[in-house]
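Student: Sharing a structure, written as structure tokens. Questions coming.
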Amino acid sequence: MPTPETFATFLFALALLELSPGPDMMMVMARGLGQGRRTALCTMSGMVFVAGIIQVGMLVLGLASLIHSWPLGLDLLRWAGAAYLIWLGIKMLRSSATASSRAQSQSSISDWEAVKDGAINSLTNPKSLLFMFAFLPQFVDPAQGPIWLQLLILGTIQKLTGVISLGAVAIAAGSIGQWMARHPAVLIWQERFTGLVMILLGARLLLVGGSAGTAIKARS
């Protein structure tokens with residue numbers, strides 16, 4: 001493990017990261033309001049556990065060095081994620097125009113779909129990737145033990161904190177969404193709200209331009 005001072009600095013930086021709104025938090029909030037607490041929690045699980053295993057694995061295996069040497073790779077991930085979110089949003093807006101979706105908006109997405117969407121969103125989230133691949137390695141001290149083990153511990157801690165922050169958002173937004181679901185007149189607006197947020201998230205990812213690759217290059 002890093003020194004206590006370094007580890008405390010890491011936890012402070014991580015707390016700031018988790019408290020600041022980002023694509024993951026906004027997607028969980030939209031899913032909670034649009035499809036309820038269960039779907040929001042499944043989305044959070046995809047972000048923390050599915051994406052976490054892949055991201056931490058990449059970090060430990062050293063694949064993060066590829067992104068350092070080829071910043072465009074991070075931008076390609078961002079563009080792919082943005083296109084996927086916009087496609088999801090358009091799909092939800094189109095389905096909300098049908099009468100049947102109004103009655104079934106709460107069951108319009110399966111648990112697996114929610115987990116998958118959450119994982120894809122997190123894997124293409126520049127905020128999470130920048131912290132893990134560009135910022136987190138700065139807290140590693142070769143004198144304190146194997147580098148791969150320190151990366152594994154720090155990366156795992158980073159992803160697991162999402163259970164607290166994103167889980168709280170999922171429960172809160174889901175509770176509001178379930179209250180809204182008891183009023184049939186607002187069901188269609190739940191789905192439209194979720195679709196609109198997905199499109200806005202995708203547009204936001206596209207509008208950040210090359211800042212992700214630039215940030216990686218600046219830290220290299």
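Order determines the names: the first chain of the structure tokens is A, the second B, and so forth; residues in each chain are numbered 1 upward, and ligands are numbered 1 upward as they are shown.
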Excluding Ala170 (chain A) and its own-chain neighbours fewer than 6 positions away, which residues fall within 10 Å of it when counting only C-alpha atoms? Please give them as a compact mmCIF listing (two decimals) with all heavy atoms, in the first residue's frame.

Tutor:
# COMPACT_ATOMS: atom_id res chain seq x y z
N MET A 25 -23.47 9.17 -12.83
CA MET A 25 -24.48 9.60 -11.87
C MET A 25 -25.75 10.06 -12.56
O MET A 25 -26.87 9.74 -12.12
CB MET A 25 -23.92 10.73 -10.99
CG MET A 25 -24.87 11.19 -9.89
SD MET A 25 -24.17 12.47 -8.82
CE MET A 25 -22.89 11.53 -7.97
N MET A 26 -25.62 10.78 -13.67
CA MET A 26 -26.78 11.27 -14.38
C MET A 26 -27.59 10.13 -15.00
O MET A 26 -28.82 10.16 -15.01
CB MET A 26 -26.36 12.25 -15.46
CG MET A 26 -25.76 13.55 -14.93
SD MET A 26 -26.89 14.44 -13.82
CE MET A 26 -28.24 14.82 -14.93
N MET A 27 -26.89 9.10 -15.47
CA MET A 27 -27.60 7.97 -16.06
C MET A 27 -28.37 7.20 -14.98
O MET A 27 -29.51 6.79 -15.19
CB MET A 27 -26.62 7.04 -16.77
CG MET A 27 -27.32 5.90 -17.51
SD MET A 27 -26.16 4.84 -18.40
CE MET A 27 -27.28 3.97 -19.49
N VAL A 28 -27.75 6.98 -13.82
CA VAL A 28 -28.42 6.29 -12.72
C VAL A 28 -29.65 7.09 -12.28
O VAL A 28 -30.72 6.53 -12.03
CB VAL A 28 -27.45 6.08 -11.54
CG1 VAL A 28 -28.21 5.60 -10.31
CG2 VAL A 28 -26.38 5.06 -11.91
N MET A 29 -29.51 8.41 -12.19
CA MET A 29 -30.62 9.25 -11.78
C MET A 29 -31.77 9.16 -12.80
O MET A 29 -32.94 9.03 -12.42
CB MET A 29 -30.15 10.70 -11.65
CG MET A 29 -31.22 11.65 -11.13
SD MET A 29 -30.61 13.36 -11.02
CE MET A 29 -29.25 13.15 -9.88
N ALA A 30 -31.41 9.21 -14.08
CA ALA A 30 -32.44 9.14 -15.11
C ALA A 30 -33.15 7.79 -15.09
O ALA A 30 -34.37 7.72 -15.25
CB ALA A 30 -31.82 9.38 -16.49
N ARG A 31 -32.38 6.73 -14.89
CA ARG A 31 -32.99 5.40 -14.85
C ARG A 31 -33.89 5.25 -13.62
O ARG A 31 -34.93 4.59 -13.67
CB ARG A 31 -31.89 4.33 -14.86
CG ARG A 31 -31.36 4.06 -16.26
CD ARG A 31 -32.41 3.27 -17.03
NE ARG A 31 -32.22 3.31 -18.46
CZ ARG A 31 -31.37 2.55 -19.14
NH1 ARG A 31 -30.56 1.71 -18.51
NH2 ARG A 31 -31.31 2.62 -20.45
N GLY A 32 -33.49 5.84 -12.51
CA GLY A 32 -34.32 5.77 -11.31
C GLY A 32 -35.65 6.48 -11.51
O GLY A 32 -36.72 5.97 -11.16
N LEU A 33 -35.60 7.67 -12.09
CA LEU A 33 -36.82 8.43 -12.33
C LEU A 33 -37.66 7.81 -13.44
O LEU A 33 -38.88 7.84 -13.39
CB LEU A 33 -36.46 9.88 -12.69
CG LEU A 33 -35.83 10.72 -11.59
CD1 LEU A 33 -35.39 12.07 -12.14
CD2 LEU A 33 -36.80 10.91 -10.43
N GLY A 36 -37.53 3.27 -12.31
CA GLY A 36 -37.68 2.80 -10.94
C GLY A 36 -36.38 2.38 -10.29
O GLY A 36 -35.31 2.33 -10.90
N ARG A 37 -36.49 2.07 -8.99
CA ARG A 37 -35.32 1.79 -8.16
C ARG A 37 -34.56 0.55 -8.61
O ARG A 37 -33.33 0.54 -8.65
CB ARG A 37 -35.78 1.61 -6.71
CG ARG A 37 -34.65 1.48 -5.71
CD ARG A 37 -35.23 1.18 -4.33
NE ARG A 37 -36.22 2.18 -3.95
CZ ARG A 37 -37.09 2.02 -2.96
NH1 ARG A 37 -37.11 0.88 -2.29
NH2 ARG A 37 -37.95 2.96 -2.68
N ARG A 38 -35.26 -0.53 -8.97
CA ARG A 38 -34.60 -1.77 -9.34
C ARG A 38 -33.72 -1.57 -10.58
O ARG A 38 -32.57 -2.01 -10.62
CB ARG A 38 -35.64 -2.87 -9.61
CG ARG A 38 -35.03 -4.21 -10.00
CD ARG A 38 -36.13 -5.22 -10.36
NE ARG A 38 -35.56 -6.50 -10.73
CZ ARG A 38 -35.36 -7.50 -9.88
NH1 ARG A 38 -35.67 -7.35 -8.60
NH2 ARG A 38 -34.84 -8.64 -10.28
N THR A 39 -34.27 -0.90 -11.59
CA THR A 39 -33.50 -0.66 -12.81
C THR A 39 -32.30 0.23 -12.53
O THR A 39 -31.21 0.02 -13.07
CB THR A 39 -34.39 -0.01 -13.88
OG1 THR A 39 -35.46 -0.91 -14.19
CG2 THR A 39 -33.61 0.27 -15.15
N ALA A 40 -32.48 1.24 -11.68
CA ALA A 40 -31.37 2.13 -11.33
C ALA A 40 -30.26 1.37 -10.61
O ALA A 40 -29.07 1.57 -10.88
CB ALA A 40 -31.88 3.27 -10.46
N LEU A 41 -30.64 0.48 -9.71
CA LEU A 41 -29.63 -0.31 -8.98
C LEU A 41 -28.92 -1.29 -9.91
O LEU A 41 -27.71 -1.54 -9.77
CB LEU A 41 -30.29 -1.05 -7.82
CG LEU A 41 -30.72 -0.18 -6.63
CD1 LEU A 41 -31.52 -1.00 -5.62
CD2 LEU A 41 -29.49 0.45 -5.96
N CYS A 42 -29.64 -1.86 -10.86
CA CYS A 42 -29.01 -2.74 -11.85
C CYS A 42 -28.03 -1.96 -12.72
O CYS A 42 -26.94 -2.44 -13.06
CB CYS A 42 -30.07 -3.42 -12.72
SG CYS A 42 -31.03 -4.70 -11.87
N THR A 43 -28.41 -0.74 -13.09
CA THR A 43 -27.52 0.11 -13.86
C THR A 43 -26.25 0.41 -13.08
O THR A 43 -25.13 0.36 -13.61
CB THR A 43 -28.23 1.43 -14.23
OG1 THR A 43 -29.42 1.15 -14.96
CG2 THR A 43 -27.33 2.32 -15.07
N MET A 44 -26.41 0.73 -11.79
CA MET A 44 -25.26 0.97 -10.92
C MET A 44 -24.38 -0.27 -10.82
O MET A 44 -23.14 -0.17 -10.84
CB MET A 44 -25.76 1.39 -9.53
CG MET A 44 -24.66 1.61 -8.50
SD MET A 44 -24.13 0.11 -7.61
CE MET A 44 -25.61 -0.29 -6.69
N VAL A 163 -20.62 2.05 -5.16
CA VAL A 163 -21.76 1.39 -4.52
C VAL A 163 -22.45 2.37 -3.57
O VAL A 163 -23.68 2.40 -3.45
CB VAL A 163 -21.31 0.12 -3.77
CG1 VAL A 163 -22.46 -0.47 -2.98
CG2 VAL A 163 -20.74 -0.89 -4.75
N ILE A 164 -21.63 3.19 -2.87
CA ILE A 164 -22.19 4.15 -1.91
C ILE A 164 -22.80 5.35 -2.63
O ILE A 164 -23.97 5.68 -2.42
CB ILE A 164 -21.10 4.61 -0.93
CG1 ILE A 164 -20.54 3.41 -0.16
CG2 ILE A 164 -21.66 5.65 0.04
CD1 ILE A 164 -19.38 3.74 0.75
N ILE A 176 -38.47 8.30 -5.95
CA ILE A 176 -39.28 9.34 -6.59
C ILE A 176 -39.98 8.77 -7.83
O ILE A 176 -41.15 9.04 -8.08
CB ILE A 176 -38.40 10.54 -6.98
CG1 ILE A 176 -37.80 11.18 -5.72
CG2 ILE A 176 -39.21 11.57 -7.77
CD1 ILE A 176 -36.81 12.29 -6.01

Student: Considering only C-alpha atoms, state which residue in the set A:Pro4, A:Ile109, A:Ile157, A:Gly162 is at the smallest distance from Met92 (chain A).

Tutor: A:Ile109

Student: Between CA of Leu129 (chain A) and CA of Gln150 (chain A), what is the distance in Å, rounded to a tenth?

Tutor: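 A separation of 17.4 Å between them.
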
Student: Hey, which bits of region 2-95 of chain A sit within 7 Å of region 133-141 of chain A, and for each residue what's the closest pair of atoms and how far apart in Å (one decimal), counting only C-alpha atoms, rows by chain and increasing number, as a Markdown table?

Tutor:
| residue | atom | partner | partner_atom | distance |
| --- | --- | --- | --- | --- |
| A:Pro2 | CA | A:Asp141 | CA | 5.7 |
| A:Thr6 | CA | A:Phe139 | CA | 6.3 |
| A:Phe10 | CA | A:Phe139 | CA | 6.7 |
| A:Leu59 | CA | A:Phe133 | CA | 6.8 |
| A:Ala64 | CA | A:Phe133 | CA | 5.6 |

Student: Grab the residues selected above and save them as a PDB file, in the first residue's frame with all heavy atoms.

Tutor:
ATOM      1  N   PRO A   2       0.350   2.356  -0.566  1.00  0.00           N
ATOM      2  CA  PRO A   2       1.075   3.634  -0.477  1.00  0.00           C
ATOM      3  C   PRO A   2       1.193   4.073   0.978  1.00  0.00           C
ATOM      4  O   PRO A   2       0.561   3.509   1.877  1.00  0.00           O
ATOM      5  CB  PRO A   2       0.179   4.597  -1.278  1.00  0.00           C
ATOM      6  CG  PRO A   2      -0.682   3.710  -2.124  1.00  0.00           C
ATOM      7  CD  PRO A   2      -0.878   2.465  -1.335  1.00  0.00           C
ATOM      8  N   THR A   6      -0.121   9.499   1.450  1.00  0.00           N
ATOM      9  CA  THR A   6      -0.516   9.368   0.050  1.00  0.00           C
ATOM     10  C   THR A   6      -1.911   8.759  -0.064  1.00  0.00           C
ATOM     11  O   THR A   6      -2.727   9.186  -0.886  1.00  0.00           O
ATOM     12  CB  THR A   6       0.494   8.500  -0.718  1.00  0.00           C
ATOM     13  OG1 THR A   6       1.788   9.102  -0.632  1.00  0.00           O
ATOM     14  CG2 THR A   6       0.111   8.367  -2.178  1.00  0.00           C
ATOM     15  N   PHE A  10      -5.330  10.254  -1.717  1.00  0.00           N
ATOM     16  CA  PHE A  10      -6.094   9.495  -2.710  1.00  0.00           C
ATOM     17  C   PHE A  10      -7.570   9.437  -2.333  1.00  0.00           C
ATOM     18  O   PHE A  10      -8.442   9.656  -3.177  1.00  0.00           O
ATOM     19  CB  PHE A  10      -5.519   8.083  -2.825  1.00  0.00           C
ATOM     20  CG  PHE A  10      -6.416   7.115  -3.550  1.00  0.00           C
ATOM     21  CD1 PHE A  10      -6.565   7.178  -4.926  1.00  0.00           C
ATOM     22  CD2 PHE A  10      -7.115   6.136  -2.849  1.00  0.00           C
ATOM     23  CE1 PHE A  10      -7.398   6.296  -5.596  1.00  0.00           C
ATOM     24  CE2 PHE A  10      -7.936   5.246  -3.511  1.00  0.00           C
ATOM     25  CZ  PHE A  10      -8.085   5.326  -4.889  1.00  0.00           C
ATOM     26  N   LEU A  59      -6.036  -1.796 -15.952  1.00  0.00           N
ATOM     27  CA  LEU A  59      -5.062  -1.018 -15.198  1.00  0.00           C
ATOM     28  C   LEU A  59      -3.925  -1.904 -14.702  1.00  0.00           C
ATOM     29  O   LEU A  59      -2.748  -1.584 -14.857  1.00  0.00           O
ATOM     30  CB  LEU A  59      -5.762  -0.339 -14.013  1.00  0.00           C
ATOM     31  CG  LEU A  59      -4.929   0.625 -13.183  1.00  0.00           C
ATOM     32  CD1 LEU A  59      -4.609   1.876 -13.995  1.00  0.00           C
ATOM     33  CD2 LEU A  59      -5.683   1.002 -11.903  1.00  0.00           C
ATOM     34  N   ALA A  64      -3.281   0.470 -19.644  1.00  0.00           N
ATOM     35  CA  ALA A  64      -3.460   1.915 -19.544  1.00  0.00           C
ATOM     36  C   ALA A  64      -2.330   2.660 -20.238  1.00  0.00           C
ATOM     37  O   ALA A  64      -2.503   3.790 -20.701  1.00  0.00           O
ATOM     38  CB  ALA A  64      -3.529   2.336 -18.076  1.00  0.00           C
TER      39      ALA A  64
END

Student: Which polymer residues have any atom within 12 Å of an atom of Ile54 (chain A), counting only C-alpha atoms, with same-chain residues fewer than 2 positions away left out, as a list in words?

Tutor: Gly46, Met47, Val48, Phe49, Val50, Ala51, Gly52, Val56, Gly57, Met58, Leu59, Val60, Leu61, Leu63, Ala64, Ala119, Ile120, Ser122, Leu123, Thr124, Leu129, Met132, Leu152, Gly155, Thr156 and Lys159 of chain A

Student: Using only N, CA, C and O atoms, please write the residues we just selected to a file, as an mmCIF file, in the first residue's frame.

Tutor:
data_model
loop_
_atom_site.group_PDB
_atom_site.id
_atom_site.type_symbol
_atom_site.label_atom_id
_atom_site.label_comp_id
_atom_site.auth_asym_id
_atom_site.auth_seq_id
_atom_site.Cartn_x
_atom_site.Cartn_y
_atom_site.Cartn_z
ATOM 1 N N GLY A 46 -23.892 -2.565 -13.057
ATOM 2 C CA GLY A 46 -23.106 -2.677 -14.277
ATOM 3 C C GLY A 46 -21.919 -1.737 -14.278
ATOM 4 O O GLY A 46 -20.828 -2.096 -14.733
ATOM 5 N N MET A 47 -22.121 -0.534 -13.744
ATOM 6 C CA MET A 47 -21.039 0.450 -13.687
ATOM 7 C C MET A 47 -19.933 0.027 -12.721
ATOM 8 O O MET A 47 -18.736 0.161 -13.016
ATOM 9 N N VAL A 48 -20.346 -0.479 -11.559
ATOM 10 C CA VAL A 48 -19.372 -0.784 -10.510
ATOM 11 C C VAL A 48 -18.701 -2.134 -10.716
ATOM 12 O O VAL A 48 -17.470 -2.244 -10.685
ATOM 13 N N PHE A 49 -19.485 -3.172 -10.958
ATOM 14 C CA PHE A 49 -18.934 -4.523 -10.966
ATOM 15 C C PHE A 49 -18.484 -4.993 -12.351
ATOM 16 O O PHE A 49 -17.358 -5.459 -12.518
ATOM 17 N N VAL A 50 -19.354 -4.862 -13.353
ATOM 18 C CA VAL A 50 -18.978 -5.327 -14.694
ATOM 19 C C VAL A 50 -17.875 -4.444 -15.280
ATOM 20 O O VAL A 50 -16.803 -4.911 -15.652
ATOM 21 N N ALA A 51 -18.148 -3.130 -15.349
ATOM 22 C CA ALA A 51 -17.134 -2.217 -15.879
ATOM 23 C C ALA A 51 -15.912 -2.183 -14.974
ATOM 24 O O ALA A 51 -14.781 -2.061 -15.452
ATOM 25 N N GLY A 52 -16.132 -2.314 -13.664
ATOM 26 C CA GLY A 52 -15.015 -2.271 -12.727
ATOM 27 C C GLY A 52 -14.019 -3.399 -12.954
ATOM 28 O O GLY A 52 -12.802 -3.184 -12.918
ATOM 29 N N VAL A 56 -10.306 -2.234 -13.938
ATOM 30 C CA VAL A 56 -9.215 -2.552 -13.020
ATOM 31 C C VAL A 56 -8.281 -3.582 -13.652
ATOM 32 O O VAL A 56 -7.060 -3.514 -13.499
ATOM 33 N N GLY A 57 -8.852 -4.529 -14.389
ATOM 34 C CA GLY A 57 -8.020 -5.505 -15.084
ATOM 35 C C GLY A 57 -7.094 -4.848 -16.093
ATOM 36 O O GLY A 57 -5.913 -5.191 -16.196
ATOM 37 N N MET A 58 -7.634 -3.874 -16.851
ATOM 38 C CA MET A 58 -6.813 -3.135 -17.809
ATOM 39 C C MET A 58 -5.702 -2.384 -17.100
ATOM 40 O O MET A 58 -4.558 -2.329 -17.561
ATOM 41 N N LEU A 59 -6.036 -1.796 -15.952
ATOM 42 C CA LEU A 59 -5.062 -1.018 -15.198
ATOM 43 C C LEU A 59 -3.925 -1.904 -14.702
ATOM 44 O O LEU A 59 -2.748 -1.584 -14.857
ATOM 45 N N VAL A 60 -4.272 -3.041 -14.121
ATOM 46 C CA VAL A 60 -3.264 -3.943 -13.559
ATOM 47 C C VAL A 60 -2.407 -4.572 -14.655
ATOM 48 O O VAL A 60 -1.194 -4.749 -14.493
ATOM 49 N N LEU A 61 -3.023 -4.899 -15.790
ATOM 50 C CA LEU A 61 -2.291 -5.534 -16.884
ATOM 51 C C LEU A 61 -1.423 -4.552 -17.663
ATOM 52 O O LEU A 61 -0.659 -4.959 -18.540
ATOM 53 N N LEU A 63 -2.480 -2.085 -19.629
ATOM 54 C CA LEU A 63 -3.031 -1.595 -20.891
ATOM 55 C C LEU A 63 -3.286 -0.093 -20.849
ATOM 56 O O LEU A 63 -3.474 0.532 -21.889
ATOM 57 N N ALA A 64 -3.281 0.470 -19.644
ATOM 58 C CA ALA A 64 -3.460 1.915 -19.544
ATOM 59 C C ALA A 64 -2.330 2.660 -20.238
ATOM 60 O O ALA A 64 -2.503 3.790 -20.701
ATOM 61 N N ALA A 119 -22.719 -0.675 -17.699
ATOM 62 C CA ALA A 119 -21.328 -1.046 -17.955
ATOM 63 C C ALA A 119 -20.766 -0.275 -19.141
ATOM 64 O O ALA A 119 -19.643 0.251 -19.088
ATOM 65 N N ILE A 120 -21.540 -0.190 -20.223
ATOM 66 C CA ILE A 120 -21.069 0.536 -21.415
ATOM 67 C C ILE A 120 -20.872 2.007 -21.101
ATOM 68 O O ILE A 120 -19.878 2.629 -21.513
ATOM 69 N N SER A 122 -20.116 3.383 -18.221
ATOM 70 C CA SER A 122 -18.933 3.569 -17.385
ATOM 71 C C SER A 122 -17.644 3.319 -18.161
ATOM 72 O O SER A 122 -16.646 4.015 -17.973
ATOM 73 N N LEU A 123 -17.667 2.327 -19.051
ATOM 74 C CA LEU A 123 -16.467 2.012 -19.825
ATOM 75 C C LEU A 123 -16.121 3.119 -20.812
ATOM 76 O O LEU A 123 -14.967 3.207 -21.265
ATOM 77 N N THR A 124 -17.072 3.955 -21.172
ATOM 78 C CA THR A 124 -16.820 5.048 -22.114
ATOM 79 C C THR A 124 -16.927 6.411 -21.431
ATOM 80 O O THR A 124 -17.048 7.432 -22.098
ATOM 81 N N LEU A 129 -12.395 7.146 -16.582
ATOM 82 C CA LEU A 129 -11.183 6.621 -17.213
ATOM 83 C C LEU A 129 -9.981 7.515 -16.966
ATOM 84 O O LEU A 129 -8.867 7.021 -16.743
ATOM 85 N N MET A 132 -8.775 6.903 -13.404
ATOM 86 C CA MET A 132 -8.161 5.590 -13.212
ATOM 87 C C MET A 132 -6.842 5.448 -13.962
ATOM 88 O O MET A 132 -5.869 4.916 -13.422
ATOM 89 N N LEU A 152 -4.148 -2.607 -8.187
ATOM 90 C CA LEU A 152 -5.326 -3.441 -7.960
ATOM 91 C C LEU A 152 -6.126 -2.938 -6.760
ATOM 92 O O LEU A 152 -7.361 -2.820 -6.826
ATOM 93 N N GLY A 155 -7.518 0.740 -7.543
ATOM 94 C CA GLY A 155 -8.560 0.672 -8.549
ATOM 95 C C GLY A 155 -9.833 0.038 -8.014
ATOM 96 O O GLY A 155 -10.948 0.489 -8.317
ATOM 97 N N THR A 156 -9.676 -1.002 -7.205
ATOM 98 C CA THR A 156 -10.843 -1.665 -6.613
ATOM 99 C C THR A 156 -11.569 -0.735 -5.648
ATOM 100 O O THR A 156 -12.812 -0.669 -5.647
ATOM 101 N N LYS A 159 -13.657 1.845 -7.656
ATOM 102 C CA LYS A 159 -14.910 1.346 -8.215
ATOM 103 C C LYS A 159 -15.930 1.026 -7.123
ATOM 104 O O LYS A 159 -17.124 1.298 -7.290
#

Student: If we count only C-alpha atoms, what is near Trp79 (chain A) at a cut-off of 7 Å, once residues fewer than 4 positions away on the same chain are taken out, given as a ChimeraX atom specification?

Tutor: /A:75,83,206

Student: Keeping N, CA and C atoms for every residue in the selection just given, could you write it to a file as a PDB file, in the first residue's frame?

Tutor:
ATOM      1  N   ASP A  75     -10.501   9.062 -26.820  1.00  0.00           N
ATOM      2  CA  ASP A  75     -11.530   9.808 -27.533  1.00  0.00           C
ATOM      3  C   ASP A  75     -12.434   8.881 -28.338  1.00  0.00           C
ATOM      4  N   ALA A  83     -22.432   7.933 -28.980  1.00  0.00           N
ATOM      5  CA  ALA A  83     -23.348   7.439 -30.010  1.00  0.00           C
ATOM      6  C   ALA A  83     -24.346   6.440 -29.408  1.00  0.00           C
ATOM      7  N   LEU A 206     -19.908  14.306 -26.716  1.00  0.00           N
ATOM      8  CA  LEU A 206     -19.392  14.748 -28.007  1.00  0.00           C
ATOM      9  C   LEU A 206     -18.848  16.172 -27.941  1.00  0.00           C
TER      10      LEU A 206
END

Student: Using only C-alpha atoms, which of A:Gln158, A:Ser165, A:Asn125, A:Thr194 sits nearest Asp24 (chain A)?

Tutor: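 For Asp24 (chain A), the nearest of the candidates is A:Asn125.
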
Student: If you run DSSP over the backbone, which residues in region 10-179 of chain A end up alpha helix (DSSP H)? Put them as number ranges by chain.

Tutor: A: 10-19, 23-35, 37-45, 51-61, 64-69, 72-95, 99-104, 111-123, 126-130, 147-179

Student: Rank nothing, just name the residue among A:Ala203, A:Ala168, A:Leu93, A:Leu154 nearest to Phe131 (chain A), using only C-alpha atoms.

Tutor: A:Leu154

Student: Please compute the CA of Asn121 (chain A)-CA of Ser45 (chain A) distance, one decimal, in Å.

Tutor: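 So the two atoms, CA of Asn121 (chain A) and CA of Ser45 (chain A), lie 11.8 Å apart.
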